[in-house]
$ cat run_31.pdb   # PDB, C-alpha atoms
ATOM      1  CA  MET A   1     139.745 -98.755  65.186  1.00  0.00           C
ATOM      2  CA  LYS A   2     141.357 -95.843  63.316  1.00  0.00           C
ATOM      3  CA  LYS A   3     139.811 -95.082  59.905  1.00  0.00           C
ATOM      4  CA  VAL A   4     141.773 -93.716  56.950  1.00  0.00           C
ATOM      5  CA  ILE A   5     140.424 -92.697  53.562  1.00  0.00           C
ATOM      6  CA  ILE A   6     142.771 -93.127  50.596  1.00  0.00           C
ATOM      7  CA  LEU A   7     141.929 -90.703  47.795  1.00  0.00           C
ATOM      8  CA  GLY A   8     143.136 -91.987  44.438  1.00  0.00           C
ATOM      9  CA  ALA A   9     143.325 -95.514  45.806  1.00  0.00           C
ATOM     10  CA  HIS A  10     144.180 -97.089  42.444  1.00  0.00           C
ATOM     11  CA  GLY A  11     147.541 -95.294  42.316  1.00  0.00           C
ATOM     12  CA  LYS A  12     150.639 -97.459  42.611  1.00  0.00           C
ATOM     13  CA  ILE A  13     151.864 -95.923  45.870  1.00  0.00           C
ATOM     14  CA  ALA A  14     148.362 -96.016  47.322  1.00  0.00           C
ATOM     15  CA  GLN A  15     148.026 -99.717  46.547  1.00  0.00           C
ATOM     16  CA  ILE A  16     151.292-100.466  48.340  1.00  0.00           C
ATOM     17  CA  VAL A  17     150.096 -98.494  51.376  1.00  0.00           C
ATOM     18  CA  THR A  18     146.808-100.409  51.319  1.00  0.00           C
ATOM     19  CA  ARG A  19     148.626-103.752  51.414  1.00  0.00           C
ATOM     20  CA  GLN A  20     150.931-102.610  54.220  1.00  0.00           C
ATOM     21  CA  LEU A  21     148.009-101.425  56.354  1.00  0.00           C
ATOM     22  CA  LEU A  22     146.182-104.756  56.114  1.00  0.00           C
ATOM     23  CA  THR A  23     148.371-106.097  58.917  1.00  0.00           C
ATOM     24  CA  GLU A  24     147.434-103.163  61.179  1.00  0.00           C
ATOM     25  CA  ASP A  25     144.362-102.396  63.283  1.00  0.00           C
ATOM     26  CA  ILE A  26     143.086 -99.824  60.768  1.00  0.00           C
ATOM     27  CA  LYS A  27     140.018 -99.553  58.576  1.00  0.00           C
ATOM     28  CA  GLN A  28     140.617 -98.302  55.047  1.00  0.00           C
ATOM     29  CA  MET A  29     138.157 -96.571  52.767  1.00  0.00           C
ATOM     30  CA  LEU A  30     139.413 -96.787  49.181  1.00  0.00           C
ATOM     31  CA  PHE A  31     138.146 -93.797  47.179  1.00  0.00           C
ATOM     32  CA  LEU A  32     138.500 -93.809  43.388  1.00  0.00           C
ATOM     33  CA  ARG A  33     136.626 -92.946  40.205  1.00  0.00           C
ATOM     34  CA  ASN A  34     136.089 -96.512  38.988  1.00  0.00           C
ATOM     35  CA  SER A  35     135.524 -99.039  41.777  1.00  0.00           C
ATOM     36  CA  ALA A  36     135.910-101.968  39.364  1.00  0.00           C
ATOM     37  CA  ARG A  37     139.650-101.261  39.193  1.00  0.00           C
ATOM     38  CA  LEU A  38     140.244-102.559  42.726  1.00  0.00           C
ATOM     39  CA  ARG A  39     139.508-105.795  44.546  1.00  0.00           C
ATOM     40  CA  LEU A  40     139.222-106.021  48.316  1.00  0.00           C
ATOM     41  CA  GLU A  41     141.704-108.275  50.085  1.00  0.00           C
ATOM     42  CA  ASP A  42     140.052-108.039  53.511  1.00  0.00           C
ATOM     43  CA  PRO A  43     136.428-106.795  53.495  1.00  0.00           C
ATOM     44  CA  GLU A  44     136.492-106.488  57.298  1.00  0.00           C
ATOM     45  CA  LYS A  45     139.209-103.842  57.049  1.00  0.00           C
ATOM     46  CA  GLU A  46     138.553-102.355  53.600  1.00  0.00           C
ATOM     47  CA  SER A  47     135.676-100.746  51.777  1.00  0.00           C
ATOM     48  CA  ILE A  48     135.462 -99.113  48.352  1.00  0.00           C
ATOM     49  CA  VAL A  49     133.772 -95.805  47.600  1.00  0.00           C
ATOM     50  CA  GLU A  50     133.325 -94.578  44.035  1.00  0.00           C
ATOM     51  CA  GLY A  51     133.743 -90.840  43.608  1.00  0.00           C
ATOM     52  CA  THR A  52     135.914 -88.050  42.302  1.00  0.00           C
ATOM     53  CA  ALA A  53     137.936 -85.463  44.168  1.00  0.00           C
ATOM     54  CA  THR A  54     136.599 -82.776  41.848  1.00  0.00           C
ATOM     55  CA  SER A  55     133.226 -83.304  43.566  1.00  0.00           C
ATOM     56  CA  LEU A  56     132.944 -81.717  46.986  1.00  0.00           C
ATOM     57  CA  PHE A  57     129.745 -83.700  47.538  1.00  0.00           C
ATOM     58  CA  ASP A  58     131.504 -87.027  46.894  1.00  0.00           C
ATOM     59  CA  LEU A  59     134.312 -86.135  49.274  1.00  0.00           C
ATOM     60  CA  GLU A  60     132.025 -84.972  52.077  1.00  0.00           C
ATOM     61  CA  GLN A  61     129.913 -88.114  51.806  1.00  0.00           C
ATOM     62  CA  ALA A  62     133.000 -90.338  51.941  1.00  0.00           C
ATOM     63  CA  MET A  63     134.709 -88.591  54.875  1.00  0.00           C
ATOM     64  CA  THR A  64     132.057 -89.343  57.486  1.00  0.00           C
ATOM     65  CA  GLY A  65     133.756 -90.926  60.489  1.00  0.00           C
ATOM     66  CA  VAL A  66     137.252 -90.656  59.003  1.00  0.00           C
ATOM     67  CA  ASP A  67     140.335 -89.950  61.167  1.00  0.00           C
ATOM     68  CA  ILE A  68     143.023 -89.492  58.490  1.00  0.00           C
ATOM     69  CA  VAL A  69     142.943 -88.452  54.839  1.00  0.00           C
ATOM     70  CA  TYR A  70     145.711 -89.699  52.550  1.00  0.00           C
ATOM     71  CA  ALA A  71     145.477 -87.982  49.156  1.00  0.00           C
ATOM     72  CA  ASN A  72     147.242 -89.600  46.217  1.00  0.00           C
ATOM     73  CA  LEU A  73     145.647 -87.443  43.508  1.00  0.00           C
ATOM     74  CA  ALA A  74     146.409 -86.110  40.030  1.00  0.00           C
ATOM     75  CA  GLY A  75     144.580 -84.145  37.365  1.00  0.00           C
ATOM     76  CA  LYS A  76     142.849 -80.916  38.381  1.00  0.00           C
ATOM     77  CA  ILE A  77     145.082 -80.786  41.415  1.00  0.00           C
ATOM     78  CA  VAL A  78     144.293 -77.245  42.633  1.00  0.00           C
ATOM     79  CA  GLU A  79     140.536 -77.843  42.525  1.00  0.00           C
ATOM     80  CA  GLU A  80     141.067 -81.215  44.209  1.00  0.00           C
ATOM     81  CA  ALA A  81     143.126 -79.587  46.974  1.00  0.00           C
ATOM     82  CA  GLN A  82     140.444 -76.983  47.564  1.00  0.00           C
ATOM     83  CA  ASN A  83     137.742 -79.654  47.729  1.00  0.00           C
ATOM     84  CA  VAL A  84     139.717 -81.918  50.041  1.00  0.00           C
ATOM     85  CA  VAL A  85     140.316 -79.040  52.456  1.00  0.00           C
ATOM     86  CA  ALA A  86     136.653 -77.956  52.334  1.00  0.00           C
ATOM     87  CA  ALA A  87     135.371 -81.505  52.865  1.00  0.00           C
ATOM     88  CA  MET A  88     137.744 -82.133  55.766  1.00  0.00           C
ATOM     89  CA  LYS A  89     136.640 -78.937  57.467  1.00  0.00           C
ATOM     90  CA  ALA A  90     132.970 -79.776  56.878  1.00  0.00           C
ATOM     91  CA  LYS A  91     133.468 -83.205  58.458  1.00  0.00           C
ATOM     92  CA  ASN A  92     135.860 -81.986  61.187  1.00  0.00           C
ATOM     93  CA  VAL A  93     138.760 -84.150  60.007  1.00  0.00           C
ATOM     94  CA  LYS A  94     142.163 -82.667  60.817  1.00  0.00           C
ATOM     95  CA  ARG A  95     144.936 -85.006  59.622  1.00  0.00           C
ATOM     96  CA  LEU A  96     145.986 -84.901  55.960  1.00  0.00           C
ATOM     97  CA  ILE A  97     148.811 -86.602  54.081  1.00  0.00           C
ATOM     98  CA  TRP A  98     149.198 -84.979  50.655  1.00  0.00           C
ATOM     99  CA  ILE A  99     151.367 -86.354  47.848  1.00  0.00           C
ATOM    100  CA  SER A 100     152.902 -83.570  45.773  1.00  0.00           C
ATOM    101  CA  THR A 101     156.028 -83.466  43.613  1.00  0.00           C
ATOM    102  CA  LEU A 102     159.586 -82.205  43.788  1.00  0.00           C
ATOM    103  CA  GLY A 103     160.391 -78.735  42.533  1.00  0.00           C
ATOM    104  CA  ILE A 104     157.348 -76.836  43.798  1.00  0.00           C
ATOM    105  CA  TYR A 105     159.554 -74.509  45.850  1.00  0.00           C
ATOM    106  CA  ASP A 106     162.395 -74.296  43.298  1.00  0.00           C
ATOM    107  CA  GLU A 107     164.291 -76.421  45.804  1.00  0.00           C
ATOM    108  CA  VAL A 108     165.900 -78.803  43.299  1.00  0.00           C
ATOM    109  CA  PRO A 109     169.477 -77.678  42.586  1.00  0.00           C
ATOM    110  CA  GLY A 110     171.670 -77.423  39.506  1.00  0.00           C
ATOM    111  CA  LYS A 111     171.248 -79.276  36.242  1.00  0.00           C
ATOM    112  CA  TYR A 112     168.849 -81.747  37.821  1.00  0.00           C
ATOM    113  CA  GLY A 113     166.588 -78.873  38.816  1.00  0.00           C
ATOM    114  CA  GLU A 114     166.703 -77.525  35.263  1.00  0.00           C
ATOM    115  CA  TRP A 115     165.984 -80.991  33.806  1.00  0.00           C
ATOM    116  CA  ASN A 116     163.126 -81.549  36.257  1.00  0.00           C
ATOM    117  CA  HIS A 117     161.560 -78.218  35.289  1.00  0.00           C
ATOM    118  CA  GLU A 118     161.845 -79.071  31.596  1.00  0.00           C
ATOM    119  CA  GLN A 119     160.235 -82.490  32.105  1.00  0.00           C
ATOM    120  CA  LEU A 120     157.388 -81.050  34.171  1.00  0.00           C
ATOM    121  CA  ASP A 121     156.683 -78.142  31.844  1.00  0.00           C
ATOM    122  CA  GLY A 122     153.255 -76.978  30.755  1.00  0.00           C
ATOM    123  CA  GLY A 123     152.052 -75.680  34.099  1.00  0.00           C
ATOM    124  CA  TYR A 124     152.471 -78.958  35.977  1.00  0.00           C
ATOM    125  CA  LEU A 125     154.842 -77.633  38.638  1.00  0.00           C
ATOM    126  CA  GLU A 126     152.916 -74.381  38.945  1.00  0.00           C
ATOM    127  CA  SER A 127     149.628 -76.194  39.593  1.00  0.00           C
ATOM    128  CA  TYR A 128     151.200 -78.493  42.182  1.00  0.00           C
ATOM    129  CA  ALA A 129     152.835 -75.494  43.842  1.00  0.00           C
ATOM    130  CA  GLU A 130     149.467 -73.720  43.989  1.00  0.00           C
ATOM    131  CA  ALA A 131     147.826 -76.835  45.434  1.00  0.00           C
ATOM    132  CA  ALA A 132     150.519 -77.017  48.109  1.00  0.00           C
ATOM    133  CA  LYS A 133     149.786 -73.408  49.056  1.00  0.00           C
ATOM    134  CA  VAL A 134     146.117 -74.356  49.505  1.00  0.00           C
ATOM    135  CA  ILE A 135     147.128 -77.186  51.836  1.00  0.00           C
ATOM    136  CA  GLU A 136     149.619 -75.056  53.788  1.00  0.00           C
ATOM    137  CA  ALA A 137     147.053 -72.290  54.335  1.00  0.00           C
ATOM    138  CA  SER A 138     144.289 -74.707  55.336  1.00  0.00           C
ATOM    139  CA  GLY A 139     144.849 -74.814  59.081  1.00  0.00           C
ATOM    140  CA  LEU A 140     144.776 -78.627  58.891  1.00  0.00           C
ATOM    141  CA  ASP A 141     147.343 -80.966  60.407  1.00  0.00           C
ATOM    142  CA  TYR A 142     148.984 -81.674  57.079  1.00  0.00           C
ATOM    143  CA  THR A 143     152.098 -83.385  55.801  1.00  0.00           C
ATOM    144  CA  ILE A 144     153.124 -82.724  52.201  1.00  0.00           C
ATOM    145  CA  ILE A 145     155.335 -85.365  50.571  1.00  0.00           C
ATOM    146  CA  ARG A 146     157.535 -84.436  47.585  1.00  0.00           C
ATOM    147  CA  PRO A 147     159.081 -87.578  46.073  1.00  0.00           C
ATOM    148  CA  ALA A 148     161.995 -87.650  43.677  1.00  0.00           C
ATOM    149  CA  TRP A 149     161.435 -89.393  40.333  1.00  0.00           C
ATOM    150  CA  LEU A 150     159.796 -92.723  41.058  1.00  0.00           C
ATOM    151  CA  ASP A 151     160.750 -96.284  40.177  1.00  0.00           C
ATOM    152  CA  ASP A 152     159.256 -99.685  40.959  1.00  0.00           C
ATOM    153  CA  LYS A 153     162.243-101.222  42.757  1.00  0.00           C
ATOM    154  CA  ASP A 154     161.248-103.459  45.653  1.00  0.00           C
ATOM    155  CA  GLU A 155     163.314-101.592  48.225  1.00  0.00           C
ATOM    156  CA  ILE A 156     162.893 -99.278  51.173  1.00  0.00           C
ATOM    157  CA  ASP A 157     165.792 -96.858  51.091  1.00  0.00           C
ATOM    158  CA  TYR A 158     165.179 -93.150  51.526  1.00  0.00           C
ATOM    159  CA  GLU A 159     166.112 -89.949  53.295  1.00  0.00           C
ATOM    160  CA  LEU A 160     164.134 -86.766  53.928  1.00  0.00           C
ATOM    161  CA  THR A 161     164.674 -83.057  53.391  1.00  0.00           C
ATOM    162  CA  ASN A 162     162.544 -80.247  54.747  1.00  0.00           C
ATOM    163  CA  LYS A 163     160.881 -77.419  52.827  1.00  0.00           C
ATOM    164  CA  ASP A 164     163.689 -74.967  53.542  1.00  0.00           C
ATOM    165  CA  GLU A 165     166.434 -77.430  52.532  1.00  0.00           C
ATOM    166  CA  THR A 166     167.939 -78.196  49.128  1.00  0.00           C
ATOM    167  CA  PHE A 167     166.435 -81.340  47.616  1.00  0.00           C
ATOM    168  CA  LYS A 168     168.782 -84.345  47.531  1.00  0.00           C
ATOM    169  CA  GLY A 169     169.069 -87.183  45.041  1.00  0.00           C
ATOM    170  CA  THR A 170     167.243 -87.820  41.797  1.00  0.00           C
ATOM    171  CA  GLU A 171     165.136 -90.943  42.376  1.00  0.00           C
ATOM    172  CA  VAL A 172     163.284 -93.031  44.951  1.00  0.00           C
ATOM    173  CA  SER A 173     161.168 -96.171  44.944  1.00  0.00           C
ATOM    174  CA  ARG A 174     157.403 -96.098  45.252  1.00  0.00           C
ATOM    175  CA  THR A 175     157.825 -98.655  48.033  1.00  0.00           C
ATOM    176  CA  SER A 176     159.916 -96.135  49.975  1.00  0.00           C
ATOM    177  CA  VAL A 177     157.298 -93.412  49.628  1.00  0.00           C
ATOM    178  CA  ALA A 178     154.605 -95.886  50.680  1.00  0.00           C
ATOM    179  CA  ASP A 179     156.678 -96.786  53.748  1.00  0.00           C
ATOM    180  CA  LEU A 180     156.772 -93.124  54.798  1.00  0.00           C
ATOM    181  CA  VAL A 181     153.025 -92.707  54.253  1.00  0.00           C
ATOM    182  CA  THR A 182     152.299 -95.865  56.252  1.00  0.00           C
ATOM    183  CA  LYS A 183     154.497 -94.720  59.132  1.00  0.00           C
ATOM    184  CA  ILE A 184     152.666 -91.384  59.300  1.00  0.00           C
ATOM    185  CA  ILE A 185     149.264 -93.099  59.243  1.00  0.00           C
ATOM    186  CA  LEU A 186     150.391 -95.328  62.129  1.00  0.00           C
ATOM    187  CA  ASP A 187     151.842 -92.364  64.059  1.00  0.00           C
ATOM    188  CA  PRO A 188     149.859 -89.325  62.850  1.00  0.00           C
ATOM    189  CA  LYS A 189     151.526 -86.943  65.310  1.00  0.00           C
ATOM    190  CA  GLU A 190     154.720 -87.222  63.248  1.00  0.00           C
ATOM    191  CA  TYR A 191     155.621 -84.554  60.665  1.00  0.00           C
ATOM    192  CA  ILE A 192     152.620 -82.286  61.244  1.00  0.00           C
ATOM    193  CA  GLY A 193     153.092 -79.076  59.263  1.00  0.00           C
ATOM    194  CA  ALA A 194     156.044 -80.518  57.346  1.00  0.00           C
ATOM    195  CA  SER A 195     156.747 -80.617  53.619  1.00  0.00           C
ATOM    196  CA  LEU A 196     159.106 -83.535  53.103  1.00  0.00           C
ATOM    197  CA  GLY A 197     161.352 -84.177  50.132  1.00  0.00           C
ATOM    198  CA  VAL A 198     161.939 -87.932  49.715  1.00  0.00           C
ATOM    199  CA  ASN A 199     164.883 -89.422  47.842  1.00  0.00           C
ATOM    200  CA  LYS A 200     167.135 -92.454  47.765  1.00  0.00           C
ATOM    201  CA  PRO A 201     170.543 -91.571  49.266  1.00  0.00           C
ATOM    202  CA  ASN A 202     173.544 -91.261  46.963  1.00  0.00           C
ATOM    203  CA  THR A 203     171.540 -90.801  43.766  1.00  0.00           C
ATOM    204  CA  ASP A 204     172.715 -87.272  42.996  1.00  0.00           C
ATOM    205  CA  GLY A 205     173.145 -86.430  39.329  1.00  0.00           C
ATOM    206  CA  ASP A 206     171.786 -84.492  36.387  1.00  0.00           C
ATOM    207  CA  LYS A 207     168.787 -86.876  36.098  1.00  0.00           C
ATOM    208  CA  PRO A 208     167.730 -90.306  37.381  1.00  0.00           C
ATOM    209  CA  ALA A 209     170.214 -93.036  36.425  1.00  0.00           C
ATOM    210  CA  TRP A 210     167.469 -95.100  34.774  1.00  0.00           C
ATOM    211  CA  TYR A 211     166.248 -92.259  32.560  1.00  0.00           C
ATOM    212  CA  ARG A 212     167.199 -92.451  28.877  1.00  0.00           C
TER     213      ARG A 212
END
$ encode --input "run_31.pdb" --output "structure tokens"
Amino acid sequence: MKKVIILGAHGKIAQIVTRQLLTEDIKQMLFLRNSARLRLEDPEKESIVEGTATSLFDLEQAMTGVDIVYANLAGKIVEEAQNVVAAMKAKNVKRLIWISTLGIYDEVPGKYGEWNHEQLDGGYLESYAEAAKVIEASGLDYTIIRPAWLDDKDEIDYELTNKDETFKGTEVSRTSVADLVTKIILDPKEYIGASLGVNKPNTDGDKPAWYR
């Protein structure tokens, strides 16, 4: 049975992925700082590990026997990227799915790109861009995912753009991003070495329609 570790397992997208994988022949290791924040739905397929991605020791201990790493992290993102890469190499794990953010390549056009940069000021984009460089230089079989601004609509409706393409749209549902992550976990040969922008079609504009 394939084994995936979900780093930052309490995140909203991560929790959707966890639920979707329960119907599959996959074991999940749910890695988070405070284990009390999650409850197992199927102890035969799920386990919880308490740890932090700023600790290389915690990551190495948790990655024993893992086939795929899905990282849904925030905070000290560059340090976390460095630790994830180091732990994967130490444990000979190759496949990584890394959630990033839009705008790290200055790929978001026009007024929306300007608005996005203003909203993510204070070094946020720069740190996520630096973390992406760590992943891209790692030699791992990675996929970077760059979602548009997220909402909680219960819908799966998205399209993809590549790293060298202009980002499309302004928004996307967390359920859509979780669907993409789940598909890659189920077929890990897909999108190796790709950095994928994810958006809901026909949502172009100066900012997400729901933003006030």
$ resolve_selection --input "run_31.pdb" --expression "the PyMOL selection byres ((chain A and resi 112) around 10)" --output "PDB file with C-alpha atoms, in the coordinates of the input"
ATOM      1  CA  VAL A 108     165.900 -78.803  43.299  1.00  0.00           C
ATOM      2  CA  PRO A 109     169.477 -77.678  42.586  1.00  0.00           C
ATOM      3  CA  GLY A 110     171.670 -77.423  39.506  1.00  0.00           C
ATOM      4  CA  LYS A 111     171.248 -79.276  36.242  1.00  0.00           C
ATOM      5  CA  GLY A 113     166.588 -78.873  38.816  1.00  0.00           C
ATOM      6  CA  GLU A 114     166.703 -77.525  35.263  1.00  0.00           C
ATOM      7  CA  TRP A 115     165.984 -80.991  33.806  1.00  0.00           C
ATOM      8  CA  ASN A 116     163.126 -81.549  36.257  1.00  0.00           C
ATOM      9  CA  HIS A 117     161.560 -78.218  35.289  1.00  0.00           C
ATOM     10  CA  GLU A 118     161.845 -79.071  31.596  1.00  0.00           C
ATOM     11  CA  GLY A 169     169.069 -87.183  45.041  1.00  0.00           C
ATOM     12  CA  THR A 170     167.243 -87.820  41.797  1.00  0.00           C
ATOM     13  CA  ASP A 204     172.715 -87.272  42.996  1.00  0.00           C
ATOM     14  CA  GLY A 205     173.145 -86.430  39.329  1.00  0.00           C
ATOM     15  CA  ASP A 206     171.786 -84.492  36.387  1.00  0.00           C
ATOM     16  CA  LYS A 207     168.787 -86.876  36.098  1.00  0.00           C
ATOM     17  CA  PRO A 208     167.730 -90.306  37.381  1.00  0.00           C
TER      18      PRO A 208
END
$ residues_around --input "run_31.pdb" --residues "Ala194 in chain A" --least-positions-apart "5" --cutoff "12 Å" --atoms "all atoms listed in the file" --output "list in words"
Leu96, Ile97, Trp98, Ala132, Ile135, Glu136, Leu140, Asp141, Tyr142, Thr143, Ile144, Ile145, Arg146, Leu160, Thr161, Asn162, Lys163, Asp164, Glu165, Ile184 and Lys189 of chain A
$ closest_residue --input "run_31.pdb" --among "A:Ile16, A:Met29, A:Ala53, A:Val134" --to "Ser176 in chain A" --atoms "all atoms listed in the file"
A:Ile16
$ atom_distance --input "run_31.pdb" --atom1 "CA of Ser138 in chain A" --atom2 "CA of Thr166 in chain A"
24.7 Å
$ residues_around --input "run_31.pdb" --residues "Lys76 in chain A" --least-positions-apart "6" --cutoff "10 Å" --atoms "all atoms listed in the file" --output "PyMOL selection string"
chain A and resi 53-54+127-128+131
$ atom_distance --input "run_31.pdb" --atom1 "CA of Gln61 in chain A" --atom2 "CA of Asp179 in chain A"
28.2 Å
$ atom_distance --input "run_31.pdb" --atom1 "CA of Asp42 in chain A" --atom2 "CA of Asp25 in chain A"
12.1 Å
$ resolve_selection --input "run_31.pdb" --expression "the PyMOL selection byres ((chain A and resi 3) around 10)" --output "number ranges by chain"
A: 1-2, 4-6, 25-29, 45-46, 63-69, 185
$ residues_around --input "run_31.pdb" --residues "Thr18 in chain A" --least-positions-apart "3" --cutoff "9 Å" --atoms "all atoms listed in the file" --output "VMD selection string"
chain A and resid 6 9 13 to 15 21 to 22 28 30 46 182
$ closest_residue --input "run_31.pdb" --among "A:Glu171, A:Asp151, A:Asp121, A:Glu60" --to "Lys91 in chain A" --atoms "all atoms listed in the file"
A:Glu60
$ closest_residue --input "run_31.pdb" --among "A:Leu150, A:Ala87, A:Leu32, A:Ile104" --to "Tyr211 in chain A" --atoms "all atoms listed in the file"
A:Leu150
$ residues_around --input "run_31.pdb" --residues "Thr175 in chain A" --least-positions-apart "5" --cutoff "9 Å" --atoms "all atoms listed in the file" --output "list in words"
Ile13, Ile16, Val17, Asp151, Asp152, Lys153, Asp154, Glu155, Ile156, Asp157 and Leu180 of chain A
$ closest_residue --input "run_31.pdb" --among "A:Gly139, A:Gly103, A:Gly122, A:Gly75" --to "Val198 in chain A" --atoms "only C-alpha atoms"
A:Gly103
$ closest_residue --input "run_31.pdb" --among "A:Leu7, A:Met88, A:Val93, A:Ile192" --to "Ala74 in chain A" --atoms "all atoms listed in the file"
A:Leu7
$ closest_residue --input "run_31.pdb" --among "A:Ser55, A:Trp149, A:Leu102, A:Val181" --to "Ala71 in chain A" --atoms "all atoms listed in the file"
A:Val181
$ decode --input "run_31.pdb" --residues "range 101-117 of chain A" --atoms "N, CA, C and O atoms" --output "mmCIF file, in the first residue's frame"
data_model
loop_
_atom_site.group_PDB
_atom_site.id
_atom_site.type_symbol
_atom_site.label_atom_id
_atom_site.label_comp_id
_atom_site.auth_asym_id
_atom_site.auth_seq_id
_atom_site.Cartn_x
_atom_site.Cartn_y
_atom_site.Cartn_z
ATOM 1 N N THR A 101 2.286 29.704 -3.910
ATOM 2 C CA THR A 101 1.289 30.750 -4.126
ATOM 3 C C THR A 101 1.507 31.396 -5.485
ATOM 4 O O THR A 101 2.592 31.282 -6.071
ATOM 5 N N LEU A 102 0.485 32.057 -5.978
ATOM 6 C CA LEU A 102 0.620 32.745 -7.264
ATOM 7 C C LEU A 102 1.487 33.983 -7.112
ATOM 8 O O LEU A 102 1.546 34.593 -6.048
ATOM 9 N N GLY A 103 2.182 34.324 -8.190
ATOM 10 C CA GLY A 103 2.961 35.551 -8.217
ATOM 11 C C GLY A 103 4.439 35.383 -7.937
ATOM 12 O O GLY A 103 5.189 36.361 -7.982
ATOM 13 N N ILE A 104 4.893 34.165 -7.677
ATOM 14 C CA ILE A 104 6.305 33.978 -7.314
ATOM 15 C C ILE A 104 7.241 34.149 -8.502
ATOM 16 O O ILE A 104 8.454 34.311 -8.314
ATOM 17 N N TYR A 105 6.703 34.110 -9.706
ATOM 18 C CA TYR A 105 7.529 34.330 -10.901
ATOM 19 C C TYR A 105 7.170 35.647 -11.599
ATOM 20 O O TYR A 105 7.542 35.844 -12.757
ATOM 21 N N ASP A 106 6.434 36.514 -10.917
ATOM 22 C CA ASP A 106 5.869 37.712 -11.561
ATOM 23 C C ASP A 106 5.049 37.334 -12.788
ATOM 24 O O ASP A 106 5.080 38.025 -13.817
ATOM 25 N N GLU A 107 4.294 36.255 -12.649
ATOM 26 C CA GLU A 107 3.536 35.702 -13.777
ATOM 27 C C GLU A 107 2.079 36.150 -13.798
ATOM 28 O O GLU A 107 1.314 35.763 -14.681
ATOM 29 N N VAL A 108 1.685 36.957 -12.816
ATOM 30 C CA VAL A 108 0.289 37.403 -12.729
ATOM 31 C C VAL A 108 0.166 38.754 -13.429
ATOM 32 O O VAL A 108 0.834 39.716 -13.048
ATOM 33 N N PRO A 109 -0.675 38.857 -14.453
ATOM 34 C CA PRO A 109 -0.655 40.050 -15.313
ATOM 35 C C PRO A 109 -1.487 41.217 -14.769
ATOM 36 O O PRO A 109 -2.372 41.050 -13.935
ATOM 37 N N GLY A 110 -1.189 42.407 -15.300
ATOM 38 C CA GLY A 110 -2.046 43.573 -15.194
ATOM 39 C C GLY A 110 -2.348 44.047 -13.783
ATOM 40 O O GLY A 110 -1.553 43.899 -12.853
ATOM 41 N N LYS A 111 -3.544 44.615 -13.638
ATOM 42 C CA LYS A 111 -3.958 45.179 -12.360
ATOM 43 C C LYS A 111 -4.108 44.097 -11.289
ATOM 44 O O LYS A 111 -3.882 44.356 -10.103
ATOM 45 N N TYR A 112 -4.499 42.910 -11.711
ATOM 46 C CA TYR A 112 -4.602 41.817 -10.736
ATOM 47 C C TYR A 112 -3.226 41.470 -10.169
ATOM 48 O O TYR A 112 -3.077 41.238 -8.966
ATOM 49 N N GLY A 113 -2.218 41.474 -11.027
ATOM 50 C CA GLY A 113 -0.863 41.217 -10.561
ATOM 51 C C GLY A 113 -0.397 42.285 -9.576
ATOM 52 O O GLY A 113 0.229 41.968 -8.559
ATOM 53 N N GLU A 114 -0.728 43.545 -9.873
ATOM 54 C CA GLU A 114 -0.369 44.634 -8.969
ATOM 55 C C GLU A 114 -1.098 44.493 -7.635
ATOM 56 O O GLU A 114 -0.502 44.658 -6.563
ATOM 57 N N TRP A 115 -2.404 44.195 -7.691
ATOM 58 C CA TRP A 115 -3.204 44.006 -6.475
ATOM 59 C C TRP A 115 -2.672 42.834 -5.648
ATOM 60 O O TRP A 115 -2.542 42.940 -4.420
ATOM 61 N N ASN A 116 -2.357 41.736 -6.335
ATOM 62 C CA ASN A 116 -1.845 40.552 -5.632
ATOM 63 C C ASN A 116 -0.539 40.880 -4.899
ATOM 64 O O ASN A 116 -0.337 40.468 -3.756
ATOM 65 N N HIS A 117 0.321 41.635 -5.569
ATOM 66 C CA HIS A 117 1.606 42.004 -4.955
ATOM 67 C C HIS A 117 1.387 42.902 -3.739
ATOM 68 O O HIS A 117 2.070 42.754 -2.708
#
